[in-house]
file run-v4.txt (compact mmCIF, C-alpha atoms)
# COMPACT_ATOMS: atom_id res chain seq x y z
CA MET A 1227 56.17 -63.90 9.48
CA THR A 1228 57.31 -65.21 6.13
CA GLY A 1229 56.68 -63.55 2.78
CA ARG A 1230 54.29 -66.38 2.02
CA HIS A 1231 51.86 -65.03 4.66
CA LEU A 1232 52.49 -61.35 4.03
CA LEU A 1233 50.98 -61.18 0.54
CA PRO A 1234 47.49 -62.55 1.41
CA LEU A 1235 47.40 -60.29 4.46
CA LEU A 1236 48.16 -57.21 2.37
CA LEU A 1237 45.53 -58.31 -0.16
CA CYS A 1238 42.99 -58.52 2.68
CA LEU A 1239 43.81 -54.95 3.73
CA LEU A 1240 43.57 -53.60 0.18
CA PRO A 1241 39.76 -53.05 0.14
CA LEU A 1242 40.14 -50.77 3.19
CA ALA A 1243 42.13 -48.32 1.08
CA ALA A 1244 39.08 -47.85 -1.14
CA CYS A 1245 36.81 -47.15 1.85
CA PRO A 1246 35.00 -43.89 1.07
CA ASP A 1247 34.42 -41.32 3.76
CA MET A 1248 30.74 -42.01 4.24
CA ALA A 1249 30.24 -38.82 6.17
CA ASP A 1250 30.95 -36.87 3.02
CA GLN A 1251 29.22 -38.56 0.13
CA LYS A 1252 29.19 -37.58 -3.52
CA ARG A 1253 26.13 -35.44 -3.54
CA PRO A 1254 25.90 -31.68 -3.61
CA ASP A 1255 24.76 -29.98 -0.41
CA MET A 1256 22.44 -27.01 -0.30
CA ALA A 1257 24.01 -23.92 -1.88
CA GLU A 1258 27.06 -25.87 -3.06
CA PRO A 1259 27.67 -25.43 -6.78
CA GLU A 1260 25.85 -28.28 -8.45
CA PRO A 1261 27.91 -30.20 -11.05
CA VAL A 1262 25.48 -30.64 -13.93
CA LEU A 1263 23.55 -27.40 -14.28
CA ARG A 1264 26.29 -25.34 -12.56
CA GLY A 1265 23.85 -23.36 -10.45
CA PRO A 1266 23.35 -23.58 -6.68
CA THR A 1267 21.80 -26.92 -5.76
CA SER A 1268 18.78 -25.36 -4.10
CA SER A 1269 18.04 -22.86 -6.83
CA LEU A 1270 14.69 -21.14 -6.92
CA PRO A 1271 11.77 -22.78 -8.70
CA VAL A 1272 10.47 -21.19 -11.88
CA PRO A 1273 8.16 -18.24 -11.02
CA GLY A 1274 4.59 -19.40 -10.63
CA THR A 1275 5.54 -22.94 -9.60
CA VAL A 1276 2.87 -24.57 -7.46
CA ALA A 1277 3.80 -27.60 -5.37
CA ARG A 1278 1.68 -30.68 -5.95
CA GLY A 1279 -1.30 -30.70 -3.61
CA GLU A 1280 -0.90 -27.04 -2.69
CA ARG A 1281 -3.01 -24.07 -3.65
CA SER A 1282 -1.55 -21.35 -5.84
CA ALA A 1283 -0.69 -18.05 -4.15
CA TRP A 1284 -3.53 -16.31 -5.94
CA ASP A 1285 -6.00 -18.98 -4.88
CA VAL A 1286 -5.06 -18.30 -1.24
CA LEU A 1287 -4.91 -14.53 -1.58
CA LYS A 1288 -8.09 -13.82 -3.54
CA ASP A 1289 -10.57 -14.35 -0.69
CA ARG A 1290 -10.26 -12.97 2.83
CA PRO A 1291 -10.23 -15.86 5.32
CA GLU A 1292 -12.65 -15.87 8.22
CA MET A 1293 -11.41 -13.84 11.19
CA THR A 1294 -10.74 -16.36 13.98
CA PRO A 1295 -8.67 -16.31 17.20
CA ALA A 1296 -6.34 -18.87 15.57
CA LEU A 1297 -5.78 -16.58 12.57
CA LEU A 1298 -5.03 -13.64 14.89
CA GLU A 1299 -2.65 -15.75 16.98
CA ARG A 1300 -0.79 -16.84 13.84
CA GLY A 1301 -0.76 -13.23 12.68
CA ARG A 1302 0.70 -12.04 15.99
CA GLU A 1303 3.47 -14.64 15.79
CA ARG A 1304 4.35 -13.79 12.18
CA PHE A 1305 4.09 -10.03 12.82
CA ASN A 1306 6.47 -10.27 15.77
CA ILE A 1307 8.99 -12.25 13.71
CA TYR A 1308 9.00 -10.33 10.44
CA CYS A 1309 7.41 -6.91 11.05
CA ALA A 1310 8.10 -5.92 14.67
CA PRO A 1311 11.87 -5.38 14.19
CA CYS A 1312 10.99 -2.17 12.29
CA HIS A 1313 7.28 -1.51 12.86
CA GLY A 1314 7.49 -2.19 16.61
CA VAL A 1315 5.37 -4.67 18.53
CA ALA A 1316 2.45 -2.22 18.67
CA GLY A 1317 2.86 -0.94 15.11
CA HIS A 1318 3.95 2.61 15.95
CA GLY A 1319 6.94 2.33 13.60
CA SER A 1320 9.62 2.43 16.29
CA GLY A 1321 11.12 -1.06 16.37
CA LEU A 1322 14.63 -1.87 17.55
CA ILE A 1323 16.07 -1.66 14.03
CA VAL A 1324 14.59 1.81 13.64
CA GLU A 1325 16.26 2.78 16.92
CA ARG A 1326 19.53 1.64 15.33
CA GLY A 1327 19.08 4.06 12.42
CA PHE A 1328 16.77 2.41 9.89
CA PRO A 1329 14.36 5.00 8.38
CA ALA A 1330 11.16 4.88 10.44
CA PRO A 1331 8.13 3.34 8.70
CA PRO A 1332 4.79 5.11 9.10
CA SER A 1333 2.73 4.20 12.15
CA PHE A 1334 -0.26 1.92 11.47
CA HIS A 1335 -2.28 4.23 13.70
CA ASN A 1336 -3.19 7.03 11.29
CA ASP A 1337 -6.24 7.65 9.14
CA ARG A 1338 -4.52 6.76 5.87
CA LEU A 1339 -3.56 3.26 7.02
CA ARG A 1340 -6.74 2.72 9.04
CA ASP A 1341 -8.68 3.33 5.82
CA ALA A 1342 -6.30 1.32 3.62
CA THR A 1343 -7.74 -1.84 2.08
CA PRO A 1344 -6.44 -5.29 3.05
CA GLY A 1345 -5.13 -5.50 -0.50
CA HIS A 1346 -2.76 -2.61 0.24
CA PHE A 1347 -1.14 -4.49 3.14
CA LEU A 1348 -1.04 -7.76 1.18
CA SER A 1349 0.70 -5.99 -1.68
CA VAL A 1350 3.24 -4.23 0.57
CA ILE A 1351 4.09 -7.50 2.36
CA GLU A 1352 4.63 -9.28 -0.94
CA ASN A 1353 6.36 -6.56 -2.94
CA GLY A 1354 7.80 -4.17 -0.37
CA PHE A 1355 7.29 -0.41 -0.27
CA GLY A 1356 9.86 2.40 -0.32
CA VAL A 1357 12.92 1.18 1.59
CA MET A 1358 11.04 -1.91 2.81
CA TYR A 1359 12.19 -5.00 0.92
CA PRO A 1360 9.68 -7.57 -0.36
CA TYR A 1361 8.71 -10.21 2.23
CA GLY A 1362 6.89 -12.47 -0.22
CA ASP A 1363 9.51 -15.20 0.14
CA ARG A 1364 9.51 -15.03 3.94
CA VAL A 1365 5.80 -14.65 4.67
CA ARG A 1366 3.68 -17.22 2.86
CA PRO A 1367 0.37 -16.21 1.25
CA ALA A 1368 -1.90 -17.61 4.00
CA ASP A 1369 0.29 -15.96 6.64
CA ARG A 1370 -0.02 -12.59 4.89
CA TRP A 1371 -3.75 -12.65 5.57
CA ALA A 1372 -3.00 -13.53 9.19
CA VAL A 1373 -0.62 -10.56 9.47
CA VAL A 1374 -3.22 -8.24 7.92
CA ALA A 1375 -5.77 -9.49 10.46
CA TYR A 1376 -3.33 -8.78 13.27
CA ILE A 1377 -2.54 -5.29 11.93
CA ARG A 1378 -6.30 -4.61 12.00
CA ALA A 1379 -6.41 -5.79 15.60
CA LEU A 1380 -3.47 -3.52 16.48
CA GLN A 1381 -5.21 -0.59 14.81
CA LEU A 1382 -8.38 -1.26 16.75
CA SER A 1383 -6.40 -1.57 19.98
CA GLN A 1384 -5.19 2.04 19.62
CA HIS A 1385 -8.41 3.50 18.20
CA ALA A 1386 -11.33 1.95 20.05
CA GLN A 1387 -14.21 3.94 21.50
CA VAL A 1388 -15.10 3.11 25.09
CA SER A 1389 -18.78 3.23 24.14
CA GLU A 1390 -18.26 0.46 21.58
CA LEU A 1391 -16.74 -1.97 24.09
CA PRO A 1392 -18.85 -4.87 25.36
CA GLU A 1393 -20.21 -4.29 28.85
CA PRO A 1394 -17.90 -6.77 30.74
CA LEU A 1395 -14.79 -5.20 29.19
CA ARG A 1396 -15.95 -1.65 29.94
CA GLU A 1397 -16.38 -2.49 33.60
CA ARG A 1398 -12.77 -3.58 33.81
CA LEU A 1399 -11.50 -0.19 32.61
CA PRO A 1400 -9.97 2.01 35.29
CA MET B 1197 73.25 -76.54 37.10
CA ALA B 1198 73.84 -72.80 36.81
CA GLN B 1199 70.91 -70.43 37.29
CA VAL B 1200 69.48 -69.21 33.98
CA PHE B 1201 68.42 -65.84 35.45
CA LYS B 1202 70.56 -63.68 37.70
CA PRO B 1203 68.93 -62.00 40.73
CA SER B 1204 68.80 -58.69 38.77
CA ALA B 1205 66.44 -60.31 36.25
CA ASP B 1206 63.71 -60.00 38.85
CA ILE B 1207 64.09 -56.22 38.96
CA ILE B 1208 64.06 -55.98 35.17
CA LEU B 1209 60.90 -58.09 35.01
CA ARG B 1210 59.16 -55.87 37.58
CA ALA B 1211 60.26 -52.74 35.70
CA VAL B 1212 58.98 -54.10 32.38
CA ILE B 1213 55.61 -55.03 33.90
CA LEU B 1214 55.35 -51.57 35.51
CA ILE B 1215 56.17 -49.84 32.21
CA ILE B 1216 53.56 -51.91 30.37
CA VAL B 1217 50.91 -51.07 32.98
CA ILE B 1218 51.77 -47.37 32.87
CA ALA B 1219 51.74 -47.40 29.06
CA VAL B 1220 48.29 -48.99 29.00
CA ILE B 1221 46.92 -46.47 31.52
CA VAL B 1222 48.44 -43.49 29.64
CA THR B 1223 47.06 -44.76 26.32
CA VAL B 1224 43.57 -45.31 27.71
CA VAL B 1225 43.43 -41.97 29.57
CA SER B 1226 44.85 -39.87 26.73
CA GLY B 1227 42.62 -41.70 24.26
CA TRP B 1228 39.58 -40.96 26.40
CA LEU B 1229 40.58 -37.31 26.78
CA TYR B 1230 41.15 -36.96 23.02
CA TRP B 1231 37.85 -38.68 22.23
CA HIS B 1232 35.98 -36.30 24.50
CA SER B 1233 37.93 -33.19 23.56
CA GLY B 1234 37.05 -30.64 20.92
CA TRP B 1235 40.01 -31.66 18.73
CA LEU B 1236 38.11 -34.54 17.25
CA THR B 1237 34.75 -32.82 16.90
CA ASP B 1238 35.63 -29.15 16.24
CA VAL B 1239 33.59 -28.09 19.26
CA ALA B 1240 33.87 -24.37 20.07
CA GLU B 1241 35.65 -23.69 16.78
CA ALA B 1242 34.11 -21.04 14.59
CA PRO B 1243 34.70 -21.71 10.89
CA GLU B 1244 35.79 -18.71 8.86
CA GLN B 1245 32.81 -17.10 7.16
CA PRO B 1246 32.58 -14.75 4.18
CA VAL B 1247 31.26 -12.14 6.63
CA PRO B 1248 32.03 -12.08 10.38
CA PHE B 1249 28.34 -12.41 11.24
CA SER B 1250 27.44 -12.07 14.93
CA HIS B 1251 24.43 -13.94 16.25
CA ARG B 1252 25.07 -12.20 19.60
CA HIS B 1253 24.38 -8.85 17.97
CA HIS B 1254 21.48 -9.83 15.72
CA ALA B 1255 19.68 -12.43 17.83
CA GLY B 1256 20.89 -11.43 21.30
CA ASP B 1257 21.02 -7.62 21.30
CA LEU B 1258 18.49 -6.86 18.56
CA ASN B 1259 16.20 -9.75 19.51
CA ILE B 1260 15.54 -10.72 15.91
CA ASP B 1261 13.70 -14.05 15.83
CA CYS B 1262 15.66 -17.02 14.40
CA ARG B 1263 12.98 -17.45 11.76
CA TYR B 1264 13.50 -13.94 10.37
CA CYS B 1265 16.56 -15.28 8.54
CA HIS B 1266 16.17 -19.08 8.77
CA TYR B 1267 12.63 -19.00 7.47
CA THR B 1268 12.23 -22.46 5.97
CA GLY B 1269 12.93 -24.47 9.12
CA GLU B 1270 9.32 -24.68 10.23
CA GLU B 1271 8.14 -26.24 6.99
CA THR B 1272 11.08 -28.06 5.43
CA ALA B 1273 13.96 -30.32 6.44
CA LYS B 1274 16.44 -27.47 6.24
CA ALA B 1275 16.33 -24.31 8.32
CA GLY B 1276 17.89 -22.47 5.42
CA LEU B 1277 20.71 -19.97 5.29
CA PRO B 1278 19.62 -16.41 4.60
CA THR B 1279 19.70 -15.10 1.07
CA SER B 1280 21.80 -12.02 0.46
CA GLU B 1281 18.50 -10.19 0.00
CA THR B 1282 17.57 -11.02 3.60
CA CYS B 1283 20.77 -9.37 4.83
CA MET B 1284 20.19 -6.38 2.57
CA THR B 1285 16.68 -5.89 3.97
CA CYS B 1286 18.36 -3.92 6.74
CA HIS B 1287 21.84 -3.40 5.33
CA SER B 1288 20.59 -1.49 2.31
CA GLN B 1289 20.10 1.29 4.89
CA LEU B 1290 22.41 0.40 7.79
CA TRP B 1291 26.22 0.09 7.61
CA THR B 1292 26.01 0.66 3.86
CA GLU B 1293 29.69 1.65 3.64
CA ALA B 1294 31.02 -1.02 6.00
CA GLU B 1295 34.00 -2.88 4.57
CA ALA B 1296 33.01 -6.07 6.41
CA LEU B 1297 29.72 -6.12 4.51
CA ARG B 1298 31.25 -5.76 1.05
CA PRO B 1299 30.75 -9.51 0.26
CA VAL B 1300 27.04 -9.13 1.10
CA ARG B 1301 26.59 -6.20 -1.27
CA GLN B 1302 28.56 -7.99 -3.95
CA ALA B 1303 26.52 -11.20 -3.66
CA TYR B 1304 23.30 -9.19 -3.74
CA THR B 1305 24.32 -7.30 -6.88
CA GLU B 1306 25.33 -10.55 -8.55
CA GLY B 1307 22.04 -12.16 -7.55
CA ARG B 1308 23.60 -15.05 -5.64
CA PRO B 1309 23.71 -16.20 -2.02
CA LEU B 1310 26.74 -15.84 0.24
CA TRP B 1311 28.74 -19.07 0.50
CA TRP B 1312 28.34 -19.53 4.25
CA GLN B 1313 30.41 -22.29 5.83
CA ARG B 1314 28.43 -24.88 7.75
CA VAL B 1315 28.98 -24.77 11.50
CA VAL B 1316 27.06 -27.98 12.12
CA ASP B 1317 27.76 -30.33 9.24
CA SER B 1318 25.94 -33.56 9.97
CA PRO B 1319 27.34 -36.63 8.18
CA ASP B 1320 25.72 -37.37 4.83
CA PHE B 1321 24.34 -40.68 6.16
CA VAL B 1322 22.24 -38.82 8.72
CA TYR B 1323 18.79 -37.57 7.83
CA PHE B 1324 17.85 -34.58 9.96
CA ASN B 1325 14.60 -32.71 9.55
CA HIS B 1326 14.24 -29.26 11.16
CA ALA B 1327 10.48 -29.07 10.62
CA ALA B 1328 9.89 -32.41 12.37
CA HIS B 1329 11.69 -31.14 15.46
CA LEU B 1330 10.14 -27.66 15.57
CA ASP B 1331 6.72 -29.17 14.95
CA VAL B 1332 6.80 -31.11 18.22
CA GLY B 1333 8.39 -28.29 20.20
CA VAL B 1334 12.11 -29.11 20.13
CA GLY B 1335 13.49 -25.60 19.85
CA CYS B 1336 16.59 -24.06 18.26
CA THR B 1337 18.85 -23.65 21.30
CA THR B 1338 18.13 -27.23 22.43
CA CYS B 1339 20.45 -28.45 19.68
CA HIS B 1340 22.37 -25.34 18.64
CA GLY B 1341 23.24 -24.08 22.11
CA PRO B 1342 23.26 -20.44 23.25
CA VAL B 1343 23.49 -19.01 19.72
CA GLN B 1344 22.34 -15.62 21.02
CA GLU B 1345 25.64 -15.34 22.92
CA MET B 1346 27.94 -16.30 20.05
CA ALA B 1347 29.89 -13.42 18.50
CA LEU B 1348 31.15 -15.86 15.87
CA THR B 1349 29.03 -18.98 15.48
CA TYR B 1350 30.54 -22.22 16.75
CA GLU B 1351 29.45 -25.75 17.69
CA SER B 1352 28.32 -25.64 21.29
CA HIS B 1353 28.96 -29.37 21.81
CA ALA B 1354 29.79 -32.52 19.87
CA TYR B 1355 26.98 -33.70 17.62
CA THR B 1356 27.53 -37.38 18.27
CA MET B 1357 25.01 -40.15 17.71
CA GLY B 1358 24.96 -40.77 21.46
CA TRP B 1359 23.98 -37.18 22.03
CA CYS B 1360 21.08 -37.44 19.55
CA LEU B 1361 19.95 -40.68 21.18
CA ASP B 1362 19.96 -39.15 24.68
CA CYS B 1363 17.05 -37.01 23.59
CA HIS B 1364 15.41 -39.58 21.30
CA ARG B 1365 15.21 -41.99 24.24
CA ASP B 1366 13.78 -39.38 26.59
CA PRO B 1367 12.43 -36.40 24.62
CA ALA B 1368 9.86 -35.13 27.13
CA PRO B 1369 12.13 -32.69 29.04
CA ASN B 1370 12.94 -30.88 25.78
CA LEU B 1371 9.39 -30.51 24.46
CA ARG B 1372 8.61 -26.79 24.66
CA PRO B 1373 5.15 -25.30 24.82
CA GLU B 1374 3.53 -23.83 21.70
CA GLY B 1375 5.22 -20.60 20.61
CA ALA B 1376 8.47 -21.10 22.54
CA VAL B 1377 10.62 -22.88 19.93
CA THR B 1378 12.81 -19.85 19.29
CA ALA B 1379 12.89 -18.60 22.89
CA PHE B 1380 16.46 -18.15 24.10
CA ASP B 1381 15.69 -18.36 27.82
CA TRP B 1382 13.74 -21.64 27.78
CA ARG B 1383 15.37 -24.37 29.86
CA PRO B 1384 14.70 -28.13 29.68
CA ARG B 1385 12.20 -29.37 32.25
CA THR B 1386 13.67 -31.13 35.25
CA GLY B 1387 12.17 -33.51 37.77
CA LEU B 1388 9.31 -34.68 35.59
CA SER B 1389 7.07 -37.35 37.03
CA GLU B 1390 6.10 -40.29 34.83
CA THR B 1391 2.58 -38.88 34.42
CA GLU B 1392 3.87 -35.46 33.38
CA ARG B 1393 6.27 -37.13 30.97
CA GLN B 1394 3.47 -39.13 29.34
CA ALA B 1395 1.24 -36.05 29.16
CA LEU B 1396 3.95 -34.07 27.34
CA LEU B 1397 4.60 -36.89 24.89
CA GLU B 1398 0.90 -37.36 24.27
CA ALA B 1399 0.24 -33.65 23.75
CA ARG B 1400 2.89 -33.57 21.01
CA ASP B 1401 2.13 -37.05 19.64
CA VAL B 1402 5.73 -38.13 20.24
CA HIS B 1403 6.52 -41.85 20.47
CA PRO B 1404 10.01 -42.52 21.90
CA GLU B 1405 9.75 -46.23 21.08
CA ARG B 1406 9.90 -45.28 17.39
CA LEU B 1407 12.55 -42.61 17.81
CA THR B 1408 15.37 -45.10 18.31
CA ASP B 1409 14.64 -47.10 15.16
CA CYS B 1410 17.60 -47.01 12.76
CA TYR B 1411 15.53 -45.61 9.92
CA THR B 1412 14.37 -42.64 11.97
CA CYS B 1413 17.73 -40.99 11.26
CA HIS B 1414 19.38 -43.21 8.66
CA ARG B 1415 17.33 -43.38 5.53
call {"tool": "encode", "arguments": {"input": "run-v4.txt", "output": "structure tokens"}}
result
Amino acid sequence: MTGRHLLPLLLCLLPLAACPDMADQKRPDMAEPEPVLRGPTSSLPVPGTVARGERSAWDVLKDRPEMTPALLERGRERFNIYCAPCHGVAGHGSGLIVERGFPAPPSFHNDRLRDATPGHFLSVIENGFGVMYPYGDRVRPADRWAVVAYIRALQLSQHAQVSELPEPLRERLP
Amino acid sequence: MAQVFKPSADIILRAVILIIVIAVIVTVVSGWLYWHSGWLTDVAEAPEQPVPFSHRHHAGDLNIDCRYCHYTGEETAKAGLPTSETCMTCHSQLWTEAEALRPVRQAYTEGRPLWWQRVVDSPDFVYFNHAAHLDVGVGCTTCHGPVQEMALTYESHAYTMGWCLDCHRDPAPNLRPEGAVTAFDWRPRTGLSETERQALLEARDVHPERLTDCYTCHR
């Protein structure tokens, strides 16, 4: 090949050198330091921020939702994810993390917590209590009501009178 | 007229042809092996993390649900890496003196997250949405592999476009029932009949014909 052909060929290859790695584009990823404001890219919204089209936390929390099987089912799922590691699946306060040395939380099955208002549980979930950290960021407001409903169901499950059971259920008892 | 080639030229020609054939075979085979090996895709390699976190211990032994730490995956595109406060929920009481956990305590005191290294770093031209997958019942281990067995977290397989498309063309076997998205022991369905396949897709409102459109993943 003569030099006459070499130059155009090299010129054709030149744009390739500027090819960016498209897999890694110039945009900050989550938790990478962000270039303009110098904070993490996914920093927290200002306290009290309400997403467009969503209800504020207070709007969700102020009224107790209707007790439905769907609410209880949601509550069971959330309870088993976020609460059961310490409180145990039945709420006796002996979850796996407690077995590994975490201070035991009180059982839900005592008079103090059976008489506690829903507001007490809502507040503890959001703000924490004693060595329990706040779960407000992990359990969303509507789910907190579901968890409270499920705690009530757990309490009833360990404190029900046989005489109060409906007839078909009573017959199935041993 | 004298012969141009001596008789030995025949042997040289055969040898050259043989060498070319062998070279082509070696190139193709080694190329194929390299392409499918972990060297290219970092499969089975655990990136170094600020803390030697063990999913085997936390998810496997202690049976903590994935969503305890990755709690935004059900509602947003990203599953989310835990805040240092999430770690300290337990580690404010457990292993409080452990040297390995010093970065966690430090991050928590400074009010910042730990700079975890991504194990699965999808290319920036790929749009992946965790919520969309969990919503229809495609669970965690379906893509992330047996995380509950990983002492240090690694890629269980290559995240190639072909691999994504395998499921996008035929998602039914991987659609889990309600409440099983984080189950570790769930296995993909096998031997589905066409009717069962359609029923699964219909129940989850999944339309494979749309799942292979370019803009499903590249937007």
call {"tool": "residues_around", "arguments": {"input": "run-v4.txt", "residues": "stretch 1244-1250 of chain B", "least_positions_apart": "4", "cutoff": "6 Å", "atoms": "only C-alpha atoms", "output": "VMD selection string"}}
result
chain B and resid 1312 to 1313 1347 to 1348
call {"tool": "write_last_selection", "arguments": {"input": "run-v4.txt", "atoms": "C-alpha atoms", "output": "short mmCIF file (atom, residue, chain, number, x, y, z; two decimals), in the coordinates of the input"}}
result
data_model
loop_
_atom_site.label_atom_id
_atom_site.label_comp_id
_atom_site.auth_asym_id
_atom_site.auth_seq_id
_atom_site.Cartn_x
_atom_site.Cartn_y
_atom_site.Cartn_z
CA TRP B 1312 28.34 -19.53 4.25
CA GLN B 1313 30.41 -22.29 5.83
CA ALA B 1347 29.89 -13.42 18.50
CA LEU B 1348 31.15 -15.86 15.87
#
call {"tool": "interface_residues", "arguments": {"input": "run-v4.txt", "of": "chain B", "to": "chain A", "cutoff": "10 Å", "atoms": "all atoms listed in the file", "output": "VMD selection string"}}
result
chain B and resid 1254 1257 to 1268 1274 1276 to 1277 1281 to 1282 1284 to 1291 1308 to 1312 1317 to 1322 1375
call {"tool": "atom_distance", "arguments": {"input": "run-v4.txt", "atom1": "atom CA of A:Asn1336", "atom2": "atom CA of A:Val1350"}}
result
16.8 Å
call {"tool": "atom_distance", "arguments": {"input": "run-v4.txt", "atom1": "atom CA of A:Pro1331", "atom2": "atom CA of A:His1318"}}
result
8.4 Å
call {"tool": "atom_distance", "arguments": {"input": "run-v4.txt", "atom1": "atom CA of B:Pro1384", "atom2": "atom CA of B:Leu1229"}}
result
27.6 Å
call {"tool": "residues_around", "arguments": {"input": "run-v4.txt", "residues": "B:Gly1234", "least_positions_apart": "4", "cutoff": "10 Å", "atoms": "only C-alpha atoms", "output": "ChimeraX atom specification"}}
result
/B:1229-1230,1238-1241,1351,1353-1354
call {"tool": "residues_around", "arguments": {"input": "run-v4.txt", "residues": "B:Glu1306", "least_positions_apart": "6", "cutoff": "12 Å", "atoms": "only C-alpha atoms", "output": "number ranges by chain"}}
result
B: 1280-1281, 1299-1300
call {"tool": "residues_around", "arguments": {"input": "run-v4.txt", "residues": "B:Met1357", "least_positions_apart": "3", "cutoff": "12 Å", "atoms": "only C-alpha atoms", "output": "list of chain:residue names"}}
result
B:Ser1318, B:Pro1319, B:Phe1321, B:Val1322, B:Tyr1323, B:Phe1324, B:Ala1354, B:Cys1360, B:Leu1361, B:Asp1362, B:Cys1363, B:His1364, B:Arg1365, B:Thr1408, B:Cys1410, B:Cys1413, B:His1414
call {"tool": "residues_around", "arguments": {"input": "run-v4.txt", "residues": "B:Ala1399", "least_positions_apart": "6", "cutoff": "10 Å", "atoms": "only C-alpha atoms", "output": "PyMOL selection string"}}
result
chain B and resi 1332+1371+1373
call {"tool": "closest_residue", "arguments": {"input": "run-v4.txt", "among": "A:His1231, A:Arg1366, A:Arg1290, A:His1385", "to": "A:His1335", "atoms": "only C-alpha atoms"}}
result
A:His1385
